[in-house]
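Chemist: Take a look at this one; I'll ask things after.
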Amino acid sequence: MKNFSPTLSAIAVLIATTGGSATVLANDDVVKKTNTDVETIVVSGNKSEQNLGDVAGSISVMTNEDMQKQVVTDMRDLFKYEPGVTVVGGSGEAQNIVVRGMGGDRVLMIKDGMRMNEGYGANGQNDVVGRGFVETGILKQVEVSKSAASSLYGSDAIGGVVIFTTKDPKDLLQGEDTYLDLNLGYAGASSQQFIGFTGAHSTGDFEQLLSATYRKGNETKNFNDDLNPVDVDSYDIFYKGVYNISANDQFKFTADLWKQDVDSPYAIYANNFRTLPGYSVLNEYTKAEQENTSFKVSYHSEKTNFWYDTLNVALYHSNTLQDDEEYFEVEVKDSPYGPDSYRNIAQYSRYEQETIGFLSNASKKIVIDGVNHTFGFGIDVESTNSLRTVHEYRLRNGEVDRDLHSSKFPENDTLRAGVFINNVIELGKLTVTPGLRFDYYDMEPKNSNDEGATQFEAIDEHQLSPSLGAVYKFNPRLSAYGQFAQGFKVPPYDLAYIDHNNVMAGYRVVPTDHLDPETSDSYEIGLRGHVGNFAFTSAIFHNKYDDFINTALIDTEVGVFGPVQVFQYENIESVTIEGAELGVTYYIGDNWSLYGNAAYMNGKNDDTDNYIASISPVSGTAGIAYDDENWGIDSVLRWASSMNKVNDGEHQTAGFGALDVIGYYNLGENFKVNLRIANFFDKEYVQHYNIAGAEEGIELNKFTETDRNLSVSINYTF
């Protein structure tokens, strides 16, 4: 496939040219098909419901209908066809979302207003504990706001925010008293089989929804299907009850219980012993249990009074738990003539994070000197407790050789409190949205009383985060927008306090004396609309991050098994990531459409001019689709250019093009079949983000994408 090397200025010219041709407006028939940005309602723009076309910024949306058509089975499948948004991690692994080169805990994840767990491990790549523990079958919509959102959500939203919204009973009942559906299927990339049901019922003023899903599968395959085997089982039970006090007031209770078990007959830790002379690994296994539970009680009011037109108040509790166990037995030949010895080695690790939160937001519309102002305001208070403990246990010929308890970071309590206000000012064709949030952040490590133990300092910070957005509507179907937003992120617990020693693997991470909070200035301009039979979106962005936290090699020591590299987290003075995105759709008649999108980004350390490993090559999709009332088919080509924006000694990635075929068929009003054939032409390729920052010459086989595979789901509504 031909390599692509566009520059930021070239893409800017393309966008400007597209906008400049907007002189002939669409006819009414085409408007009905292309006006989806107005019909799509999002909440990430200002914490209240808003038409997507009115938001001053880039927001990518996956609806429940999109997820059904694409046979989405876990977070990895979300935004598969959205350039600039990447989901890392496969089935049974830690998963995370990278937005415009920002990943890890720099992207805030929220489910129904509740803060989801933070990740732990490698800052978004190859994490030990992932994020987004959520059953996709219960989701009504997923939004990704791609710019800094600290003026609404505070710390951790420096790189954007992902909002998961679950289904309400009314979404299924559609005015009826009872709803019940059965969903089952198969996902070929991980040999996953799944079955689930969802029921909803209305009795007077009380509505209920209950959903249960079970999934059983394996690891996400590479091209040759020769990775270590893994069994992955998960289930989710989701309940939501809504009591309508009146036509304008309601109470809502939500409970979500998710669990996943991961089992493998291999222990990664045993790899350190496989090549040692005289050592033989006899028995081994790895087990991981992951749980996420959340409960929320909320009150919603649309009873207009002096203080507000709408009001939302909520209390919630969420808890994430991951238990990991690795075990193996080693036979050691002490000498050609001496007795053999046996070692039993086990490591038990636990990660737990518990959050209790109070959330509130309201809106009030008032008219000042003939100008409409819609004020949004609220207070958030959240408390989080985090811990990571490790227990190493070893036997040598049946006798205890090691029984060691340690923590990768001290248990800590984090308090977040914020107050925000924003205003939607309607000035004819121009809408201006200023926003401001004040945050207080306190993180208290529970230091050890042991003599000689590392003593960590508390982190006590406050921050004022402004934003300013504007949307100008040339006409109902063409608009331009601009946005400025400041973001910030307090040093996360696992970077601020980590004390990790893995000399067997040749490295260790030592604590740092002090880390400053990260801050950012984000700028974005865009143009969107439809002209004739064309619909398009476009954006140019420039994000600068100050005091960016990164790892630094500070020393190399002599170890038992070879050199040991010593790392420490430090603040980089500044990092800049900039880029552009473009999406175009051409409608051919009532049913056919051609479309394409692309994203370009460039990211560097401003001090050293080194590239940021998390940026992606130029990539996008192109396809042709047919949609009818009863059936549809979509052929979509996913492509990426070769990646040569890597630092000396790092691996470059070849470009690729892979075709997916997606189809659906409605066998009557109640019976629907969706299928996806991924990698239709069975192409072997590697996504750059899977090896980002890896050493040059790395063996690529285990990082390749799955070969041709079929996914299918069948939904029957009773």
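By convention here, the chains of the structure tokens are called A, B, ... in the order presented, each chain's residues are numbered starting at 1, and ligands are numbered starting at 1 in the order presented.
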Neighbouring residues of range 690-697 of chain A were defined as those with any atom within 10 Å, considering only C-alpha atoms; residues of the same chain fewer than 2 positions away were excluded. Please report them as a list in words.

Modeler: Val88, Gly89, Gln125, Asn126, Tyr611, Ile612, Ala613, Ser614, Ile615, Ser616, Met643, Val646, Asn647, Asp648, Gly649, Glu650, His651, Gln652, Thr653, Val686, Gln687, His688, Glu699, Leu700, Lys702, Phe703, Thr704 and Glu705 of chain A

Chemist: Taking the DSSP secondary structure from the backbone, can you list the residues of range 556-614 of chain A that are strand (DSSP E or B), as a PyMOL selection string?

Modeler: chain A and resi 556-559+562-588+592-605+611

Chemist: Taking only C-alpha atoms into account, name the residue in A:Leu173, A:Ala362, A:Ile633, A:Val330 that is nearest to Phe273 in chain A.

Modeler: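 Checking each candidate against Phe273 in chain A, we get A:Val330 as the closest.
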
Chemist: For range 117-121 of chain A, list every protein, DNA or RNA residue within 7 Å, evaluated using only C-alpha atoms, and leave out those in the same chain fewer than 2 positions away; present the list as a ChimeraX atom specification.

Modeler: /A:104-105,115,123,127-131,320,353,494

Chemist: Under the rule that only C-alpha atoms are counted, which of A:Leu667, A:Met601, A:Ala247, A:Leu659 is the nearest residue to Lys645 in chain A?

Modeler: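 Answer, going by the shortest atom-to-atom distance: A:Met601.
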
Chemist: So, with only C-alpha atoms as the atoms that count, which of A:Phe253, A:Val618, A:Ser360, A:Asn674 lies closest to Asp66 in chain A?

Modeler: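 Result for the nearest residue to Asp66 in chain A: A:Asn674.
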
Chemist: Find the distance between CA of Tyr81 in chain A and CA of Gly657 in chain A and write it in Å to one decimal.

Modeler: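 Separating CA of Tyr81 in chain A from CA of Gly657 in chain A is a distance of 12.7 Å.
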
Chemist: Mind checking which residues fall within 6 Å of Val419 in chain A, counting only C-alpha atoms, ignoring those fewer than 4 positions away in the same chain, and posting them as a ChimeraX atom specification?

Modeler: /A:378-379,437-438

Chemist: Can you work out which one of A:Asp627, A:Asp156, A:Asp77, A:Glu289 has the shortest atom-to-atom distance to Thr519 in chain A, counting only C-alpha atoms?

Modeler: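 Closest residue, counting only C-alpha atoms: A:Asp156.
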
Chemist: Excluding Ala417 in chain A and residues on its chain fewer than 3 positions from it, collect all residues at most 7 Å away from it, counting only C-alpha atoms, and give them as a list in words.

Modeler: Asp380, Val381, Glu382, Asp439, Tyr440 and Tyr441 of chain A

Chemist: Please dump the current selection as a CSV table (one decimal), in the first residue's frame; keep C-alpha atoms.

Modeler:
```
chain,number,residue,atom,x,y,z
A,380,ASP,CA,-18.6,17.4,42.8
A,381,VAL,CA,-17.0,15.7,45.8
A,382,GLU,CA,-15.3,12.3,45.5
A,439,ASP,CA,-10.7,22.1,42.0
A,440,TYR,CA,-9.1,21.1,45.3
A,441,TYR,CA,-7.1,17.8,45.4
```
